[in-house]
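> Here it is: the structure, laid out below.
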Amino acid sequence: MGKTKKGLFQKSLDGIEFLGNKLPHPATLFAILALLVLVLSAVLSQVGISVEHPGEEGEMVEITNLLNAEGIQYIFSSMTDNFIGFAPLGVVLVTMLGIGVAERTGLISALLRGFVLSVPNRFITLGLVFAGIMSSVASDAGYVVLPPLGALIFAALGRHPLGGLAAAFAGVSAGFSANLLLSGTDVMLGELTIAAASVIDPAYAETMNIAMNWFFIAASVFVLTLIGTWVTEKIVEPRLGNYKGDTTEGDNLDGLKPIEKKGLIWSGVALVVGLVLAALLVLPENAPMRGTEGSTMDQIVQSPFMSSLVPIIAILFFIPGLVYGMVTKTIRNDKDVAGQMSDTMASMGMFIVLAFTAGQFVAYFNESNMGLVLGVYGAEFLDSISLTGIPLILMFILITAFINLFIGSASAKWAMMAPIFVPIMMQLGYSPELTQMAYRVADSTTNIISPLMTYFAIIIAFAQKYDKKMGIGTLISTMIPYSIFFLIGWTIMLIVWMLLGIPLGPGGPLEYPN
């Protein structure tokens with residue numbers, strides 16, 4: 001019986017991997033989708049489908065043919081603007097200029113190592129998971145630094161090294177959307193959500209900001225840290241059993257060098273100064289970036305400051321990174337700074353390619369009015385079968401979690417899903433902010449069990465150092481408990497949050513006043 005279950009499980013994993021590998025590259029997938037939108041716009045425009053605009057009473061909206069003379073002119077004349085105007089493009093690149101300096105000077109790596117190595121032994125699992133979750137401000141550093149470090153620390157403590165690797169991997173990947181800080185993920189997904197919301201209600205979209213989920217993701221850090229710690233110590237480690245290999249290597253953990261500690265101290269000072277200066281821009285009554293209307297909270301939430309979070313985040317990463325680099329000598333002059341920023345932009349090359357084809361798809365989808373029409377019909381269908389409220393949110397989370405097994409890129413999936421689901425949910429009275437948060441919950445939790453996840457092969461390579469037989473199936477079976485309990489726990493947290501009516505972030509309501 002056990003062998004049968006194992007065989008079925010392995011076949012399921014093989015099927016996921018096979019189907020996922022058959023999918024084209026995300027950039028190619030968006031190009032195919034863009035062409036499909038063009039063809040569908042021509043076909044559906046002939047059918048005469050029309051709906052009443054949900055934001056403009058009495059205004060009827062029809063499908064626009066993008067393959068007639070005017071449509072073809074639009075395709076060629078708008079191609080450059082569609083690329084440049086792709087919502088996440090500029091904001092992600094600006095944010096990464098600051099984050100890239102902090103990462104490439106070694107600041108983020110030193111922070112992660114320093115934190116984990118300073119945690120008392122009894123709290124080391126908790127510390128690993130927490131550090132992994134927080135590492136999403138610069139995900140590459142988290143994947144490269146924490147799993148092997150977690151394995152070494154567990155080995156040094158006489159625990160199974162794969163337990164430490166799994167705990168760190170779960171935090172870095174399954175808890176990707178939780179953080180106490182705003183990161184590039186908030187910027188990238190937020191801009192796509194705002195663009196999707198503007199299809200239904202441009203005025204509402206103008207009031208949205210990229211911190212729309214901040215309250216929830218900050219609280220999620222502590223919930224996921226506790227879940228990850230419990231799963232590691234109560235399920236994963238007992239299943240792994242006692243480690244039979246050599247653990248002497250774990251005794252040679254490298255702590256922070258004196259120069260790194262000095263760099264962390266001065267970068268911390270720089271961060272505090274930066275935070276104080278940022279607060280002075282918005283908190284005092286006559287601050288230059290504070291709003292002028294409504295209550296004190298309204299003046300802060302609906303302010304130029306909240307609309308300028310992208311450059312503020314970039315600066316708050318850049319300055320500590322610069323100071324750390326100057327102290328540790330990884331930055332000696334302005335050429336080093338420019339070089340690190342250039343290297344960061346070079347690493348964004350694939351994202352830029354993706355932005356070009358995704359930008360065409362999103363623009364064509366909006367120009368054809370298919371998103372608006374689909375949103376109205378989709379909302380009416382869901383309402384007719386009484387799929388609303390918590391069951392609707394649960395269904396959306398499960399659909400997203402399943403899709404994530406085959407398409408790992410969070411931005412690619414949301415660029416495809418946001419133009420469809422955000423309008424539908426708005427029509428049913430749910431805010432774009434809530435739809436985005438439900439998406440983030442599902443997107444993160446199944447990362448660690450998708451063989452197509454970008455860093456999956458790297459984690460297997462780390463694990464094979466301690467278990468030569470480690471393969472895709474073995475790693476996924478190790479990580480499945482994290483995925484299940486993170487998904488259940490995080491979903492319950494979101495439902496409770498909804499029932500309590502707590503805003504998801506500053507200016508991030510749960511309901512849309514349709």
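Letters A, B, ... go to the chains of the structure tokens in the order shown; residues in each chain start at 1; ligands are counted from 1 in the same order.
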If you count only C-alpha atoms, which residues fall within 10 Å of Gly85 of chain A, apart from same-chain ones fewer than 4 positions away, as an MDAnalysis selection string?
chainID A and resid 78:81 89:90 355:356 359:360 363
> Might you pull out every residue within 9 Å of Ala438 of chain A, with only C-alpha atoms counted and same-chain residues fewer than 5 positions away left off, and present them as a list of chain:residue names?
A:Ile393, A:Leu394, A:Phe396, A:Ile397, A:Thr400, A:Glu433, A:Asp443, A:Thr491, A:Leu494
> Any chance you can output those residues with C-alpha atoms as a PDB file, in the first residue's frame?

ATOM      1  CA  ILE A 393     -11.822  33.939  -1.834  1.00  0.00           C
ATOM      2  CA  LEU A 394     -11.008  30.303  -1.068  1.00  0.00           C
ATOM      3  CA  PHE A 396      -9.457  32.071  -5.979  1.00  0.00           C
ATOM      4  CA  ILE A 397      -6.637  31.067  -3.615  1.00  0.00           C
ATOM      5  CA  THR A 400      -3.801  30.549  -7.970  1.00  0.00           C
ATOM      6  CA  GLU A 433      -6.231  45.283  -2.395  1.00  0.00           C
ATOM      7  CA  ASP A 443       1.428  32.393  -4.980  1.00  0.00           C
ATOM      8  CA  THR A 491      -5.692  31.485   4.431  1.00  0.00           C
ATOM      9  CA  LEU A 494      -6.849  36.212   5.814  1.00  0.00           C
TER      10      LEU A 494
END
> If you measure from atom CA of Val51 of chain A to atom CA of Val376 of chain A, what distance in Å do you get, rounded to one decimal?
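So the answer is 7.2 Å.
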> For Leu111 of chain A, please output as a PyMOL selection string all residues within 12 Å (counting only C-alpha atoms; exclusion window: fewer than 2 positions along the same chain).
chain A and resi 102-103+105-109+113-118+131-132+134-135+137-138+141-142+145-146+255-256+260-265+267-268+320-321+324
> Go ahead and save the residues from that selection, with N, CA and C atoms, as a JSON list (two decimals), in the first residue's frame.

[["chain", "number", "residue", "atom", "x", "y", "z"],
["A", 102, "ALA", "N", 22.54, 47.57, -1.97],
["A", 102, "ALA", "CA", 22.55, 46.94, -0.65],
["A", 102, "ALA", "C", 22.93, 45.46, -0.75],
["A", 103, "GLU", "N", 22.51, 44.81, -1.83],
["A", 103, "GLU", "CA", 22.80, 43.38, -2.00],
["A", 103, "GLU", "C", 24.24, 43.16, -2.45],
["A", 105, "THR", "N", 26.93, 45.07, -2.23],
["A", 105, "THR", "CA", 28.00, 45.45, -1.29],
["A", 105, "THR", "C", 28.16, 44.40, -0.20],
["A", 106, "GLY", "N", 27.22, 43.48, -0.08],
["A", 106, "GLY", "CA", 27.28, 42.44, 0.94],
["A", 106, "GLY", "C", 26.47, 42.76, 2.17],
["A", 107, "LEU", "N", 25.77, 43.90, 2.18],
["A", 107, "LEU", "CA", 25.01, 44.30, 3.37],
["A", 107, "LEU", "C", 23.92, 43.30, 3.71],
["A", 108, "ILE", "N", 23.11, 42.90, 2.74],
["A", 108, "ILE", "CA", 21.99, 42.01, 3.03],
["A", 108, "ILE", "C", 22.49, 40.64, 3.47],
["A", 109, "SER", "N", 23.53, 40.13, 2.81],
["A", 109, "SER", "CA", 24.10, 38.85, 3.20],
["A", 109, "SER", "C", 24.64, 38.90, 4.62],
["A", 113, "ARG", "N", 23.34, 36.62, 7.82],
["A", 113, "ARG", "CA", 24.26, 35.76, 8.56],
["A", 113, "ARG", "C", 24.40, 36.21, 10.00],
["A", 114, "GLY", "N", 24.53, 37.52, 10.19],
["A", 114, "GLY", "CA", 24.69, 38.06, 11.54],
["A", 114, "GLY", "C", 23.49, 37.75, 12.42],
["A", 115, "PHE", "N", 22.30, 37.89, 11.85],
["A", 115, "PHE", "CA", 21.10, 37.63, 12.64],
["A", 115, "PHE", "C", 21.01, 36.16, 13.03],
["A", 116, "VAL", "N", 21.16, 35.26, 12.05],
["A", 116, "VAL", "CA", 20.99, 33.83, 12.31],
["A", 116, "VAL", "C", 22.05, 33.32, 13.30],
["A", 117, "LEU", "N", 23.29, 33.76, 13.13],
["A", 117, "LEU", "CA", 24.38, 33.27, 13.99],
["A", 117, "LEU", "C", 24.30, 33.84, 15.41],
["A", 118, "SER", "N", 23.51, 34.90, 15.59],
["A", 118, "SER", "CA", 23.40, 35.49, 16.93],
["A", 118, "SER", "C", 22.21, 34.95, 17.71],
["A", 131, "ALA", "N", 14.37, 34.84, 9.39],
["A", 131, "ALA", "CA", 15.34, 35.45, 8.49],
["A", 131, "ALA", "C", 15.00, 35.16, 7.03],
["A", 132, "GLY", "N", 14.53, 33.94, 6.77],
["A", 132, "GLY", "CA", 14.14, 33.59, 5.41],
["A", 132, "GLY", "C", 13.00, 34.45, 4.90],
["A", 134, "MET", "N", 12.12, 37.43, 5.98],
["A", 134, "MET", "CA", 12.57, 38.82, 5.84],
["A", 134, "MET", "C", 13.49, 39.00, 4.63],
["A", 135, "SER", "N", 14.12, 37.91, 4.18],
["A", 135, "SER", "CA", 15.06, 38.02, 3.06],
["A", 135, "SER", "C", 14.38, 38.33, 1.74],
["A", 137, "VAL", "N", 13.15, 40.90, 0.78],
["A", 137, "VAL", "CA", 13.51, 42.23, 0.27],
["A", 137, "VAL", "C", 14.58, 42.11, -0.80],
["A", 138, "ALA", "N", 15.31, 40.99, -0.78],
["A", 138, "ALA", "CA", 16.31, 40.71, -1.83],
["A", 138, "ALA", "C", 16.38, 39.20, -1.95],
["A", 141, "ALA", "N", 19.58, 36.83, -2.45],
["A", 141, "ALA", "CA", 20.47, 36.66, -1.31],
["A", 141, "ALA", "C", 19.92, 35.61, -0.36],
["A", 142, "GLY", "N", 18.62, 35.62, -0.16],
["A", 142, "GLY", "CA", 18.01, 34.64, 0.74],
["A", 142, "GLY", "C", 18.22, 33.22, 0.26],
["A", 145, "VAL", "N", 22.17, 32.36, 0.49],
["A", 145, "VAL", "CA", 22.83, 32.41, 1.79],
["A", 145, "VAL", "C", 22.19, 31.48, 2.81],
["A", 146, "LEU", "N", 20.88, 31.54, 2.97],
["A", 146, "LEU", "CA", 20.24, 30.92, 4.14],
["A", 146, "LEU", "C", 20.11, 29.40, 4.11],
["A", 255, "GLY", "N", 31.72, 33.33, 11.38],
["A", 255, "GLY", "CA", 30.95, 34.47, 11.88],
["A", 255, "GLY", "C", 31.28, 35.72, 11.10],
["A", 256, "LEU", "N", 30.73, 36.82, 11.53],
["A", 256, "LEU", "CA", 30.99, 38.08, 10.85],
["A", 256, "LEU", "C", 32.39, 38.57, 11.18],
["A", 260, "GLU", "N", 32.93, 43.65, 8.86],
["A", 260, "GLU", "CA", 31.52, 43.51, 8.53],
["A", 260, "GLU", "C", 30.64, 44.02, 9.67],
["A", 261, "LYS", "N", 31.04, 43.74, 10.91],
["A", 261, "LYS", "CA", 30.29, 44.25, 12.06],
["A", 261, "LYS", "C", 30.31, 45.77, 12.09],
["A", 262, "LYS", "N", 31.45, 46.32, 11.80],
["A", 262, "LYS", "CA", 31.56, 47.78, 11.75],
["A", 262, "LYS", "C", 30.68, 48.36, 10.65],
["A", 263, "GLY", "N", 30.68, 47.68, 9.51],
["A", 263, "GLY", "CA", 29.83, 48.12, 8.40],
["A", 263, "GLY", "C", 28.36, 48.07, 8.76],
["A", 264, "LEU", "N", 27.94, 47.01, 9.47],
["A", 264, "LEU", "CA", 26.55, 46.89, 9.87],
["A", 264, "LEU", "C", 26.14, 47.99, 10.84],
["A", 265, "ILE", "N", 27.04, 48.32, 11.75],
["A", 265, "ILE", "CA", 26.74, 49.39, 12.72],
["A", 265, "ILE", "C", 26.51, 50.72, 12.01],
["A", 267, "SER", "N", 25.92, 51.25, 8.80],
["A", 267, "SER", "CA", 24.77, 51.22, 7.88],
["A", 267, "SER", "C", 23.47, 51.32, 8.68],
["A", 268, "GLY", "N", 23.44, 50.75, 9.89],
["A", 268, "GLY", "CA", 22.28, 50.90, 10.76],
["A", 268, "GLY", "C", 22.04, 52.34, 11.15],
["A", 320, "PRO", "N", 22.09, 52.96, 3.22],
["A", 320, "PRO", "CA", 22.81, 52.00, 4.07],
["A", 320, "PRO", "C", 23.76, 51.11, 3.28],
["A", 321, "GLY", "N", 23.35, 50.71, 2.05],
["A", 321, "GLY", "CA", 24.23, 49.90, 1.21],
["A", 321, "GLY", "C", 25.50, 50.64, 0.85],
["A", 324, "TYR", "N", 27.68, 50.87, 4.02],
["A", 324, "TYR", "CA", 28.30, 49.56, 4.30],
["A", 324, "TYR", "C", 29.45, 49.30, 3.33]]
> So that I can see what lies close to Met297 of chain A, please list as a short mmCIF file (atom, residue, chain, number, x, y, z; two decimals) with N, CA and C atoms, in the first residue's frame the residues with an atom at most 12 Å from it, counting only C-alpha atoms and leaving out residues fewer than 3 positions away in the same chain.

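The file below, selection.cif, is the result:
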data_model
loop_
_atom_site.label_atom_id
_atom_site.label_comp_id
_atom_site.auth_asym_id
_atom_site.auth_seq_id
_atom_site.Cartn_x
_atom_site.Cartn_y
_atom_site.Cartn_z
N VAL A 282 6.67 63.85 6.10
CA VAL A 282 5.23 63.60 6.08
C VAL A 282 4.53 63.78 7.43
N LEU A 283 5.23 63.58 8.54
CA LEU A 283 4.55 63.59 9.84
C LEU A 283 4.25 64.98 10.40
N GLU A 285 2.95 68.76 10.83
CA GLU A 285 1.69 69.29 10.30
C GLU A 285 1.85 69.97 8.94
N ARG A 290 3.02 65.97 2.90
CA ARG A 290 1.81 65.57 3.61
C ARG A 290 0.58 66.09 2.86
N GLY A 291 -0.51 65.33 2.91
CA GLY A 291 -1.74 65.77 2.28
C GLY A 291 -2.36 66.95 3.00
N THR A 292 -3.37 67.53 2.40
CA THR A 292 -3.97 68.74 2.96
C THR A 292 -5.44 68.57 3.32
N GLU A 293 -6.04 67.44 2.98
CA GLU A 293 -7.48 67.27 3.21
C GLU A 293 -7.75 66.11 4.16
N GLY A 294 -8.86 66.23 4.91
CA GLY A 294 -9.31 65.17 5.79
C GLY A 294 -8.63 65.18 7.14
N ILE A 300 -1.94 61.68 5.85
CA ILE A 300 -0.74 60.87 5.72
C ILE A 300 -0.92 59.79 4.66
N VAL A 301 -2.08 59.10 4.71
CA VAL A 301 -2.34 58.00 3.78
C VAL A 301 -2.53 58.53 2.35
N GLN A 302 -3.37 59.55 2.19
CA GLN A 302 -3.60 60.13 0.88
C GLN A 302 -2.68 61.34 0.70
N SER A 303 -1.40 61.05 0.56
CA SER A 303 -0.39 62.13 0.52
C SER A 303 0.60 61.89 -0.61
N MET A 306 2.96 58.91 0.19
CA MET A 306 2.54 57.55 -0.13
C MET A 306 2.60 57.29 -1.63
N PRO A 506 -2.27 50.84 4.72
CA PRO A 506 -2.71 52.24 4.68
C PRO A 506 -3.48 52.50 3.39
N GLY A 507 -4.73 52.89 3.52
CA GLY A 507 -5.55 53.08 2.33
C GLY A 507 -5.85 51.79 1.62
#
